[in-house]
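Printed here is input_39.pdb (PDB, C-alpha atoms and all ligand atoms):
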ATOM      1  CA  MET D 106      12.123 -16.751  -6.272  1.00  0.00           C
ATOM      2  CA  GLY D 107       8.991 -18.721  -6.986  1.00  0.00           C
ATOM      3  CA  LEU D 108       6.668 -16.289  -5.230  1.00  0.00           C
ATOM      4  CA  GLU D 109       3.154 -16.192  -6.634  1.00  0.00           C
ATOM      5  CA  ILE D 110       0.748 -13.412  -5.732  1.00  0.00           C
ATOM      6  CA  ASP D 111      -3.028 -13.400  -5.971  1.00  0.00           C
ATOM      7  CA  GLN D 112      -4.824 -10.081  -5.579  1.00  0.00           C
ATOM      8  CA  PHE D 113      -8.600  -9.885  -5.191  1.00  0.00           C
ATOM      9  CA  MET D 114     -11.229  -7.329  -4.197  1.00  0.00           C
ATOM     10  CA  CYS D 115     -12.734  -7.266  -0.685  1.00  0.00           C
ATOM     11  CA  ARG D 116     -15.478  -5.082   0.789  1.00  0.00           C
ATOM     12  CA  SER D 117     -16.070  -2.147  -1.573  1.00  0.00           C
ATOM     13  CA  ASP D 118     -12.549  -1.097  -2.550  1.00  0.00           C
ATOM     14  CA  ASN D 119     -10.059  -3.054  -0.398  1.00  0.00           C
ATOM     15  CA  PHE D 120      -7.544  -5.458  -1.871  1.00  0.00           C
ATOM     16  CA  GLY D 121      -6.900  -8.857  -0.359  1.00  0.00           C
ATOM     17  CA  VAL D 122      -3.525 -10.360  -1.249  1.00  0.00           C
ATOM     18  CA  LEU D 123      -2.318 -13.943  -0.946  1.00  0.00           C
ATOM     19  CA  VAL D 124       1.419 -14.574  -1.303  1.00  0.00           C
ATOM     20  CA  HIS D 125       2.338 -18.144  -2.143  1.00  0.00           C
ATOM     21  CA  ASP D 126       5.663 -19.955  -2.218  1.00  0.00           C
ATOM     22  CA  LYS D 127       5.386 -22.697  -4.775  1.00  0.00           C
ATOM     23  CA  ALA D 128       8.268 -24.875  -3.576  1.00  0.00           C
ATOM     24  CA  SER D 129       7.115 -25.135   0.050  1.00  0.00           C
ATOM     25  CA  GLY D 130       3.385 -24.689  -0.551  1.00  0.00           C
ATOM     26  CA  GLU D 131       3.300 -21.992   2.149  1.00  0.00           C
ATOM     27  CA  THR D 132       0.975 -18.995   1.906  1.00  0.00           C
ATOM     28  CA  ALA D 133       0.889 -15.608   3.622  1.00  0.00           C
ATOM     29  CA  LEU D 134      -2.026 -13.192   3.679  1.00  0.00           C
ATOM     30  CA  ILE D 135      -1.399  -9.451   3.622  1.00  0.00           C
ATOM     31  CA  ASP D 136      -4.054  -7.979   5.958  1.00  0.00           C
ATOM     32  CA  ALA D 137      -7.453  -9.559   6.521  1.00  0.00           C
ATOM     33  CA  PRO D 138     -10.136  -7.185   5.216  1.00  0.00           C
ATOM     34  CA  GLU D 139     -13.060  -9.593   4.926  1.00  0.00           C
ATOM     35  CA  GLU D 140     -13.610 -13.253   5.766  1.00  0.00           C
ATOM     36  CA  SER D 141     -15.914 -14.295   2.901  1.00  0.00           C
ATOM     37  CA  THR D 142     -13.841 -12.928   0.013  1.00  0.00           C
ATOM     38  CA  ILE D 143     -10.605 -14.274   1.526  1.00  0.00           C
ATOM     39  CA  LEU D 144     -12.129 -17.745   1.931  1.00  0.00           C
ATOM     40  CA  ALA D 145     -13.290 -17.600  -1.678  1.00  0.00           C
ATOM     41  CA  ALA D 146      -9.750 -16.727  -2.786  1.00  0.00           C
ATOM     42  CA  VAL D 147      -8.270 -19.547  -0.686  1.00  0.00           C
ATOM     43  CA  GLU D 148     -10.783 -21.928  -2.256  1.00  0.00           C
ATOM     44  CA  ARG D 149     -10.037 -20.692  -5.791  1.00  0.00           C
ATOM     45  CA  THR D 150      -6.235 -20.848  -5.435  1.00  0.00           C
ATOM     46  CA  GLY D 151      -5.977 -23.770  -3.045  1.00  0.00           C
ATOM     47  CA  TRP D 152      -3.491 -21.695  -1.032  1.00  0.00           C
ATOM     48  CA  LYS D 153      -4.133 -21.995   2.722  1.00  0.00           C
ATOM     49  CA  PRO D 154      -2.560 -19.131   4.667  1.00  0.00           C
ATOM     50  CA  SER D 155      -0.328 -19.897   7.656  1.00  0.00           C
ATOM     51  CA  VAL D 156       0.430 -16.272   8.518  1.00  0.00           C
ATOM     52  CA  ILE D 157      -1.126 -12.792   8.263  1.00  0.00           C
ATOM     53  CA  LEU D 158       1.194  -9.829   7.804  1.00  0.00           C
ATOM     54  CA  THR D 159      -0.787  -6.933   9.265  1.00  0.00           C
ATOM     55  CA  THR D 160       0.022  -3.397   8.129  1.00  0.00           C
ATOM     56  CA  HIS D 161      -2.166  -1.375  10.517  1.00  0.00           C
ATOM     57  CA  HIS D 162      -5.078  -1.611  12.908  1.00  0.00           C
ATOM     58  CA  HIS D 163      -7.996  -0.236  10.848  1.00  0.00           C
ATOM     59  CA  ALA D 164     -11.034  -2.522  10.770  1.00  0.00           C
ATOM     60  CA  ASP D 165     -10.890  -2.886   6.990  1.00  0.00           C
ATOM     61  CA  HIS D 166      -7.443  -4.523   7.426  1.00  0.00           C
ATOM     62  CA  VAL D 167      -7.972  -6.727  10.501  1.00  0.00           C
ATOM     63  CA  GLU D 168     -11.674  -7.577  10.520  1.00  0.00           C
ATOM     64  CA  ALA D 169     -11.187 -11.252   9.585  1.00  0.00           C
ATOM     65  CA  ASN D 170      -8.162 -11.859  11.865  1.00  0.00           C
ATOM     66  CA  LEU D 171      -9.903 -13.930  14.529  1.00  0.00           C
ATOM     67  CA  ALA D 172     -12.125 -15.900  12.159  1.00  0.00           C
ATOM     68  CA  LEU D 173      -9.140 -16.854   9.980  1.00  0.00           C
ATOM     69  CA  LYS D 174      -6.993 -17.663  13.002  1.00  0.00           C
ATOM     70  CA  GLU D 175      -9.686 -20.016  14.230  1.00  0.00           C
ATOM     71  CA  ARG D 176     -10.107 -21.658  10.832  1.00  0.00           C
ATOM     72  CA  PHE D 177      -6.462 -21.975   9.733  1.00  0.00           C
ATOM     73  CA  GLY D 178      -4.578 -21.770  13.051  1.00  0.00           C
ATOM     74  CA  LEU D 179      -2.448 -19.092  11.438  1.00  0.00           C
ATOM     75  CA  LYS D 180       0.028 -16.717  13.061  1.00  0.00           C
ATOM     76  CA  ILE D 181      -0.687 -12.978  13.069  1.00  0.00           C
ATOM     77  CA  ILE D 182       2.234 -10.569  12.779  1.00  0.00           C
ATOM     78  CA  GLY D 183       1.784  -6.799  13.053  1.00  0.00           C
ATOM     79  CA  PRO D 184       3.277  -3.508  14.179  1.00  0.00           C
ATOM     80  CA  LYS D 185       4.329  -3.242  17.807  1.00  0.00           C
ATOM     81  CA  ALA D 186       3.177   0.372  18.001  1.00  0.00           C
ATOM     82  CA  GLU D 187      -0.474  -0.621  17.560  1.00  0.00           C
ATOM     83  CA  ALA D 188      -0.400  -4.243  18.756  1.00  0.00           C
ATOM     84  CA  ASP D 189      -3.135  -3.560  21.318  1.00  0.00           C
ATOM     85  CA  LYS D 190      -5.554  -2.728  18.478  1.00  0.00           C
ATOM     86  CA  ILE D 191      -4.809  -5.768  16.286  1.00  0.00           C
ATOM     87  CA  PRO D 192      -7.040  -8.751  17.152  1.00  0.00           C
ATOM     88  CA  GLY D 193      -5.218 -12.045  17.704  1.00  0.00           C
ATOM     89  CA  ILE D 194      -1.713 -10.660  17.212  1.00  0.00           C
ATOM     90  CA  ASP D 195       1.033 -13.208  18.027  1.00  0.00           C
ATOM     91  CA  GLU D 196       4.256 -11.462  17.050  1.00  0.00           C
ATOM     92  CA  THR D 197       5.172  -7.770  16.784  1.00  0.00           C
ATOM     93  CA  VAL D 198       7.538  -6.022  14.386  1.00  0.00           C
ATOM     94  CA  ALA D 199       9.108  -2.567  14.107  1.00  0.00           C
ATOM     95  CA  GLU D 200      11.499  -0.661  11.812  1.00  0.00           C
ATOM     96  CA  GLY D 201      14.179  -3.007  10.487  1.00  0.00           C
ATOM     97  CA  SER D 202      12.603  -6.186  11.843  1.00  0.00           C
ATOM     98  CA  LYS D 203      13.678  -9.108   9.701  1.00  0.00           C
ATOM     99  CA  LEU D 204      11.171 -11.820   8.973  1.00  0.00           C
ATOM    100  CA  GLU D 205      11.260 -14.848   6.772  1.00  0.00           C
ATOM    101  CA  PHE D 206       8.461 -16.431   4.809  1.00  0.00           C
ATOM    102  CA  ALA D 207       9.233 -19.838   3.268  1.00  0.00           C
ATOM    103  CA  GLY D 208      12.866 -18.795   2.830  1.00  0.00           C
ATOM    104  CA  HIS D 209      12.028 -15.351   1.435  1.00  0.00           C
ATOM    105  CA  ARG D 210      13.507 -12.444   3.371  1.00  0.00           C
ATOM    106  CA  ILE D 211      11.083  -9.742   4.523  1.00  0.00           C
ATOM    107  CA  GLU D 212      12.164  -6.331   5.784  1.00  0.00           C
ATOM    108  CA  VAL D 213       9.781  -4.283   7.875  1.00  0.00           C
ATOM    109  CA  ILE D 214       9.641  -0.586   7.041  1.00  0.00           C
ATOM    110  CA  GLU D 215       7.800   1.669   9.471  1.00  0.00           C
ATOM    111  CA  THR D 216       5.574   3.968   7.416  1.00  0.00           C
ATOM    112  CA  PRO D 217       3.553   6.010   9.925  1.00  0.00           C
ATOM    113  CA  GLY D 218       1.174   8.804   8.935  1.00  0.00           C
ATOM    114  CA  HIS D 219      -2.140   7.164   8.043  1.00  0.00           C
ATOM    115  CA  THR D 220      -1.886   5.498  11.463  1.00  0.00           C
ATOM    116  CA  ALA D 221       0.796   5.958  14.123  1.00  0.00           C
ATOM    117  CA  GLY D 222       2.225   2.457  13.708  1.00  0.00           C
ATOM    118  CA  HIS D 223       1.582   1.577  10.050  1.00  0.00           C
ATOM    119  CA  VAL D 224       4.246  -0.727   8.587  1.00  0.00           C
ATOM    120  CA  SER D 225       5.053  -1.870   5.054  1.00  0.00           C
ATOM    121  CA  TYR D 226       6.520  -5.276   4.208  1.00  0.00           C
ATOM    122  CA  TYR D 227       9.350  -5.411   1.680  1.00  0.00           C
ATOM    123  CA  PHE D 228      10.562  -8.671   0.114  1.00  0.00           C
ATOM    124  CA  PRO D 229      13.984  -7.546  -1.189  1.00  0.00           C
ATOM    125  CA  ASP D 230      14.880 -10.769  -3.040  1.00  0.00           C
ATOM    126  CA  ASP D 231      11.503 -10.863  -4.791  1.00  0.00           C
ATOM    127  CA  GLY D 232      11.368  -7.119  -5.539  1.00  0.00           C
ATOM    128  CA  VAL D 233       7.912  -6.649  -4.094  1.00  0.00           C
ATOM    129  CA  ALA D 234       6.486  -4.504  -1.276  1.00  0.00           C
ATOM    130  CA  PHE D 235       3.102  -4.252   0.399  1.00  0.00           C
ATOM    131  CA  THR D 236       2.404  -0.654   1.371  1.00  0.00           C
ATOM    132  CA  ALA D 237      -1.314  -0.868   2.290  1.00  0.00           C
ATOM    133  CA  ASP D 238      -2.654   2.594   3.160  1.00  0.00           C
ATOM    134  CA  THR D 239       0.661   4.492   3.011  1.00  0.00           C
ATOM    135  CA  LEU D 240       1.479   4.540  -0.708  1.00  0.00           C
ATOM    136  CA  PHE D 241      -1.349   4.143  -3.209  1.00  0.00           C
ATOM    137  CA  ALA D 242      -1.151   4.208  -6.985  1.00  0.00           C
ATOM    138  CA  LEU D 243      -1.046   7.973  -7.668  1.00  0.00           C
ATOM    139  CA  GLY D 244      -1.845   8.706  -4.024  1.00  0.00           C
ATOM    140  CA  CYS D 245      -0.984   8.412  -0.371  1.00  0.00           C
ATOM    141  CA  GLY D 246      -3.042   7.542   2.687  1.00  0.00           C
ATOM    142  CA  ARG D 247      -5.098  10.047   4.607  1.00  0.00           C
ATOM    143  CA  LEU D 248      -3.389  11.458   7.675  1.00  0.00           C
ATOM    144  CA  PHE D 249      -5.535  10.146  10.516  1.00  0.00           C
ATOM    145  CA  GLU D 250      -2.966   9.717  13.286  1.00  0.00           C
ATOM    146  CA  ARG D 251       0.202  11.586  12.310  1.00  0.00           C
ATOM    147  CA  PRO D 252       0.838  14.895  10.499  1.00  0.00           C
ATOM    148  CA  ALA D 253       2.240  15.490   7.009  1.00  0.00           C
ATOM    149  CA  PRO D 254       5.949  15.667   8.006  1.00  0.00           C
ATOM    150  CA  VAL D 255       5.709  12.123   9.416  1.00  0.00           C
ATOM    151  CA  MET D 256       4.052  10.780   6.256  1.00  0.00           C
ATOM    152  CA  PHE D 257       6.646  12.647   4.194  1.00  0.00           C
ATOM    153  CA  GLU D 258       9.435  10.650   5.893  1.00  0.00           C
ATOM    154  CA  SER D 259       7.496   7.435   5.230  1.00  0.00           C
ATOM    155  CA  MET D 260       7.097   8.307   1.549  1.00  0.00           C
ATOM    156  CA  LYS D 261      10.815   9.105   1.300  1.00  0.00           C
ATOM    157  CA  LYS D 262      11.661   5.612   2.578  1.00  0.00           C
ATOM    158  CA  LEU D 263       9.422   3.998  -0.042  1.00  0.00           C
ATOM    159  CA  ALA D 264      10.741   6.312  -2.773  1.00  0.00           C
ATOM    160  CA  ALA D 265      14.237   4.985  -2.003  1.00  0.00           C
ATOM    161  CA  LEU D 266      13.328   1.377  -2.867  1.00  0.00           C
ATOM    162  CA  PRO D 267      14.584   0.129  -6.251  1.00  0.00           C
ATOM    163  CA  ALA D 268      12.489   1.559  -9.112  1.00  0.00           C
ATOM    164  CA  ALA D 269      11.524  -1.920 -10.301  1.00  0.00           C
ATOM    165  CA  THR D 270       9.952  -2.822  -6.936  1.00  0.00           C
ATOM    166  CA  VAL D 271       6.395  -4.035  -7.486  1.00  0.00           C
ATOM    167  CA  ILE D 272       3.940  -2.351  -5.115  1.00  0.00           C
ATOM    168  CA  TYR D 273       0.670  -3.767  -3.817  1.00  0.00           C
ATOM    169  CA  CYS D 274      -1.643  -1.334  -2.007  1.00  0.00           C
ATOM    170  CA  GLY D 275      -4.599  -1.532   0.342  1.00  0.00           C
ATOM    171  CA  HIS D 276      -7.269   0.036  -1.852  1.00  0.00           C
ATOM    172  CA  GLU D 277      -8.452   0.584  -5.425  1.00  0.00           C
ATOM    173  CA  TYR D 278      -8.419   4.392  -5.199  1.00  0.00           C
ATOM    174  CA  THR D 279      -6.436   5.007  -8.365  1.00  0.00           C
ATOM    175  CA  LEU D 280      -9.066   6.670 -10.556  1.00  0.00           C
ATOM    176  CA  ALA D 281      -9.988   9.240  -7.887  1.00  0.00           C
ATOM    177  CA  ASN D 282      -6.280   9.780  -7.212  1.00  0.00           C
ATOM    178  CA  ALA D 283      -5.663  10.282 -10.927  1.00  0.00           C
ATOM    179  CA  ARG D 284      -8.316  12.998 -11.183  1.00  0.00           C
ATOM    180  CA  PHE D 285      -6.579  14.890  -8.401  1.00  0.00           C
ATOM    181  CA  ALA D 286      -3.008  14.225  -9.615  1.00  0.00           C
ATOM    182  CA  ILE D 287      -3.683  15.851 -12.962  1.00  0.00           C
ATOM    183  CA  THR D 288      -4.745  19.103 -11.220  1.00  0.00           C
ATOM    184  CA  VAL D 289      -1.339  19.570  -9.548  1.00  0.00           C
ATOM    185  CA  ASP D 290       0.773  18.084 -12.375  1.00  0.00           C
ATOM    186  CA  PRO D 291      -1.167  18.989 -15.540  1.00  0.00           C
ATOM    187  CA  THR D 292       1.814  19.056 -17.940  1.00  0.00           C
ATOM    188  CA  ASN D 293       3.248  15.639 -17.027  1.00  0.00           C
ATOM    189  CA  SER D 294       2.876  13.510 -20.173  1.00  0.00           C
ATOM    190  CA  ALA D 295       3.644  10.232 -18.358  1.00  0.00           C
ATOM    191  CA  LEU D 296       0.811  11.061 -15.957  1.00  0.00           C
ATOM    192  CA  LYS D 297      -1.587  11.917 -18.782  1.00  0.00           C
ATOM    193  CA  GLU D 298      -0.835   8.587 -20.460  1.00  0.00           C
ATOM    194  CA  ARG D 299      -1.302   6.755 -17.180  1.00  0.00           C
ATOM    195  CA  VAL D 300      -4.648   8.444 -16.485  1.00  0.00           C
ATOM    196  CA  ALA D 301      -5.944   7.264 -19.869  1.00  0.00           C
ATOM    197  CA  LYS D 302      -4.776   3.715 -19.083  1.00  0.00           C
ATOM    198  CA  ILE D 303      -6.446   3.827 -15.667  1.00  0.00           C
ATOM    199  CA  GLU D 304      -9.738   5.081 -17.092  1.00  0.00           C
ATOM    200  CA  LYS D 305      -9.741   2.181 -19.544  1.00  0.00           C
ATOM    201  CA  LEU D 306      -8.924  -0.401 -16.838  1.00  0.00           C
ATOM    202  CA  ARG D 307     -11.675   0.880 -14.553  1.00  0.00           C
ATOM    203  CA  ALA D 308     -14.201   1.044 -17.394  1.00  0.00           C
ATOM    204  CA  ASP D 309     -13.427  -2.666 -17.915  1.00  0.00           C
ATOM    205  CA  GLU D 310     -13.709  -3.244 -14.122  1.00  0.00           C
ATOM    206  CA  LYS D 311     -10.089  -4.348 -13.953  1.00  0.00           C
ATOM    207  CA  PRO D 312      -7.698  -3.535 -11.066  1.00  0.00           C
ATOM    208  CA  THR D 313      -5.111  -0.786 -11.558  1.00  0.00           C
ATOM    209  CA  LEU D 314      -2.695  -2.451  -9.135  1.00  0.00           C
ATOM    210  CA  PRO D 315       0.039  -3.520  -8.672  1.00  0.00           C
ATOM    211  CA  THR D 316       2.222  -0.586  -9.600  1.00  0.00           C
ATOM    212  CA  THR D 317       5.975  -0.013  -9.302  1.00  0.00           C
ATOM    213  CA  ILE D 318       8.103   2.509  -7.436  1.00  0.00           C
ATOM    214  CA  GLY D 319       9.411   3.753 -10.792  1.00  0.00           C
ATOM    215  CA  GLU D 320       5.916   4.401 -12.103  1.00  0.00           C
ATOM    216  CA  GLU D 321       4.972   6.256  -8.911  1.00  0.00           C
ATOM    217  CA  LEU D 322       8.160   8.362  -9.001  1.00  0.00           C
ATOM    218  CA  ALA D 323       7.215   9.428 -12.539  1.00  0.00           C
ATOM    219  CA  THR D 324       3.532  10.160 -11.938  1.00  0.00           C
ATOM    220  CA  ASN D 325       2.456  10.222  -8.263  1.00  0.00           C
ATOM    221  CA  PRO D 326       2.433  13.841  -7.013  1.00  0.00           C
ATOM    222  CA  PHE D 327       2.961  12.597  -3.441  1.00  0.00           C
ATOM    223  CA  MET D 328       6.408  11.377  -4.535  1.00  0.00           C
ATOM    224  CA  ARG D 329       7.206  14.388  -6.723  1.00  0.00           C
ATOM    225  CA  TRP D 330       7.757  17.180  -4.162  1.00  0.00           C
ATOM    226  CA  HIS D 331      11.010  18.071  -5.978  1.00  0.00           C
ATOM    227  CA  ASP D 332       9.342  18.521  -9.385  1.00  0.00           C
ATOM    228  CA  PRO D 333       9.707  22.071 -10.776  1.00  0.00           C
ATOM    229  CA  ALA D 334       6.411  21.983 -12.726  1.00  0.00           C
ATOM    230  CA  ILE D 335       4.396  20.879  -9.688  1.00  0.00           C
ATOM    231  CA  ARG D 336       6.119  23.474  -7.531  1.00  0.00           C
ATOM    232  CA  LYS D 337       5.277  26.124 -10.113  1.00  0.00           C
ATOM    233  CA  THR D 338       1.620  25.073 -10.215  1.00  0.00           C
ATOM    234  CA  LEU D 339       1.512  25.327  -6.419  1.00  0.00           C
ATOM    235  CA  GLY D 340       3.412  28.638  -6.360  1.00  0.00           C
ATOM    236  CA  MET D 341       6.038  26.971  -4.135  1.00  0.00           C
ATOM    237  CA  GLU D 342       9.182  27.102  -6.304  1.00  0.00           C
ATOM    238  CA  ASN D 343      11.569  27.514  -3.381  1.00  0.00           C
ATOM    239  CA  ALA D 344       9.684  25.834  -0.549  1.00  0.00           C
ATOM    240  CA  PRO D 345      11.182  22.950   1.441  1.00  0.00           C
ATOM    241  CA  ASP D 346      10.231  19.499   0.122  1.00  0.00           C
ATOM    242  CA  VAL D 347       8.163  18.678   3.188  1.00  0.00           C
ATOM    243  CA  ASP D 348       6.037  21.819   2.726  1.00  0.00           C
ATOM    244  CA  VAL D 349       5.339  20.934  -0.906  1.00  0.00           C
ATOM    245  CA  PHE D 350       4.281  17.450   0.170  1.00  0.00           C
ATOM    246  CA  ALA D 351       2.050  18.864   2.925  1.00  0.00           C
ATOM    247  CA  GLU D 352       0.403  21.301   0.507  1.00  0.00           C
ATOM    248  CA  ILE D 353      -0.366  18.490  -1.973  1.00  0.00           C
ATOM    249  CA  ARG D 354      -1.848  16.390   0.847  1.00  0.00           C
ATOM    250  CA  LYS D 355      -3.966  19.376   1.976  1.00  0.00           C
ATOM    251  CA  ARG D 356      -5.257  20.017  -1.542  1.00  0.00           C
ATOM    252  CA  LYS D 357      -6.198  16.365  -1.934  1.00  0.00           C
ATOM    253  CA  ASP D 358      -8.140  16.503   1.369  1.00  0.00           C
ATOM    254  CA  ASN D 359     -10.146  19.405  -0.032  1.00  0.00           C
ATOM    255  CA  PHE D 360     -10.462  18.094  -3.573  1.00  0.00           C
TER     256      PHE D 360
HETATM  257 ZN    ZN D 401      -6.499   2.278   6.867  1.00  0.00          ZN
HETATM  258 FE    FE D 402      -7.761   0.856   4.578  1.00  0.00          FE
END
Step by step, read the file and then write its structure as structure tokens.
Amino acid sequence: MGLEIDQFMCRSDNFGVLVHDKASGETALIDAPEESTILAAVERTGWKPSVILTTHHHADHVEANLALKERFGLKIIGPKAEADKIPGIDETVAEGSKLEFAGHRIEVIETPGHTAGHVSYYFPDDGVAFTADTLFALGCGRLFERPAPVMFESMKKLAALPAATVIYCGHEYTLANARFAITVDPTNSALKERVAKIEKLRADEKPTLPTTIGEELATNPFMRWHDPAIRKTLGMENAPDVDVFAEIRKRKDNF
């Protein structure tokens, strides 16, 4: 234990996340969205990163890689499937890769869909996972490089993590996600309560993250393909799970 996490805003709606092990003084950075805001967070916390865990190749997740590597001499780890698009990458990972950060075990979960090689990092002993642009609070990433059935498999893997797992995501998209979620799941009282909470947090300019797997299972339509009320709303009572998921993703694209 002894993992401390600092989450801060970068760019317009990206999250930067520093993960710090108190005992060893070591720090990891999850993605590198923006140099200036990351340096400000390092300054504020006093936590100097020695490694970047990269989730996927999009510019808003790797833009500061080279600048931070130069400044801190840090190591950059990222998915093998898109290693050629990740600046400064030193070490590649794939499904089931086991990493260690300051004695904390990390399991790599391939979560393709948003991009072809997107990975999530799960710290099983600490009960925390970093899902970037795969699983958002009340949402899931846009399908840029792989179709809905691929993202569906990724979401199933994340849905299988323990309910108490704390989830950090790549973006503050929750309010927009909430407005969509309520259209496909209008009778879900847990969702209605959560939407009210989110509106209040955003009105106060506070982050809505992190979330938990349990909270997403109860309220995120992209994890609720089995739900009879959602299926009824969609007119898909007897459809395969993957088709329900794909329909929800399609409706969100057009929302
Ligand atoms: Zn992305
Ligand atoms: Fe992103």
For this session: Pick out the residues no farther than 8 Å from ligand FE 402 (chain D), counting all atoms listed in the file, and list them as a list in words.
Result: Asn119, His163, Ala164, Asp165, His166, Ala237, Asp238, Gly275 and His276 of chain D
For this session: Please check which residues have atoms at most 10 Å from (3.4, 0.3, 19.6) in the file's coordinates, counting all atoms listed in the file, and write them as a PyMOL selection string.
Result: chain D and resi 183-190+197-199+221-223
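Once range 255-270 of chain D and its same-chain neighbours fewer than 6 positions away are set aside, Ile214, Glu215, Thr216, Pro217, Gly218, His219, Gly232, Val233, Ala234, Thr239, Leu240, Leu248, Thr317, Ile318, Gly319, Glu320, Leu322, Phe327, Met328, Val347, Phe350 and Ala351 of chain D remain within 8 Å of it when counting only C-alpha atoms.
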Exercise. With distances taken over only C-alpha atoms and all ligand atoms, which of D:Ile287, D:Val124, D:Ala137, D:Leu144 is nearest to ligand ZN 401 (chain D)?
Worked result: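 When distances to ligand ZN 401 (chain D) are compared using only C-alpha atoms and all ligand atoms, the smallest one comes from D:Ala137.
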Problem set entry | Residues matched by the PyMOL selection byres (((chain D and resi 211) around 10) and not hetatm), written as an MDAnalysis selection string | chainID D and resid 201:206 208:210 212:214 225:231 233:234
Residues matched by the PyMOL selection byres (((chain D and resi 329-343) around 9) and not hetatm) as an mmCIF file with C-alpha atoms, keeping the file's coordinate frame:
data_model
loop_
_atom_site.group_PDB
_atom_site.id
_atom_site.type_symbol
_atom_site.label_atom_id
_atom_site.label_comp_id
_atom_site.auth_asym_id
_atom_site.auth_seq_id
_atom_site.Cartn_x
_atom_site.Cartn_y
_atom_site.Cartn_z
ATOM 1 C CA THR D 288 -4.745 19.103 -11.220
ATOM 2 C CA VAL D 289 -1.339 19.570 -9.548
ATOM 3 C CA ASP D 290 0.773 18.084 -12.375
ATOM 4 C CA PRO D 291 -1.167 18.989 -15.540
ATOM 5 C CA THR D 292 1.814 19.056 -17.940
ATOM 6 C CA ASN D 293 3.248 15.639 -17.027
ATOM 7 C CA GLU D 321 4.972 6.256 -8.911
ATOM 8 C CA LEU D 322 8.160 8.362 -9.001
ATOM 9 C CA ALA D 323 7.215 9.428 -12.539
ATOM 10 C CA THR D 324 3.532 10.160 -11.938
ATOM 11 C CA ASN D 325 2.456 10.222 -8.263
ATOM 12 C CA PRO D 326 2.433 13.841 -7.013
ATOM 13 C CA PHE D 327 2.961 12.597 -3.441
ATOM 14 C CA MET D 328 6.408 11.377 -4.535
ATOM 15 C CA ALA D 344 9.684 25.834 -0.549
ATOM 16 C CA PRO D 345 11.182 22.950 1.441
ATOM 17 C CA ASP D 346 10.231 19.499 0.122
ATOM 18 C CA VAL D 347 8.163 18.678 3.188
ATOM 19 C CA ASP D 348 6.037 21.819 2.726
ATOM 20 C CA VAL D 349 5.339 20.934 -0.906
ATOM 21 C CA PHE D 350 4.281 17.450 0.170
ATOM 22 C CA GLU D 352 0.403 21.301 0.507
ATOM 23 C CA ILE D 353 -0.366 18.490 -1.973
#
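Pairwise distance (CA of Phe177 in chain D, CA of Gln112 in chain D) equals 19.5 Å.
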Exercise. So what do you get for CA of Ala169 in chain D versus CA of Gly121 in chain D, distance-wise?
Worked result: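 Value for the CA of Ala169 in chain D-CA of Gly121 in chain D distance: 11.1 Å.
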Problem set entry | Within 8 Å of Pro192 in chain D using only C-alpha atoms, minus same-chain residues under 3 positions, as a ChimeraX atom specification | /D:167,170-171,189
Problem set entry | Residue members of the PyMOL selection byres (((chain D and resi 155) around 8) and not hetatm) in the file shown, as a PyMOL selection string | chain D and resi 131-134+153-154+156-157+177-180
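Closest approach to ligand ZN 401 (chain D) from the set D:Phe360, D:Tyr278, D:Phe249, D:Phe285 is made by D:Phe249, with distances taken over all atoms listed in the file.
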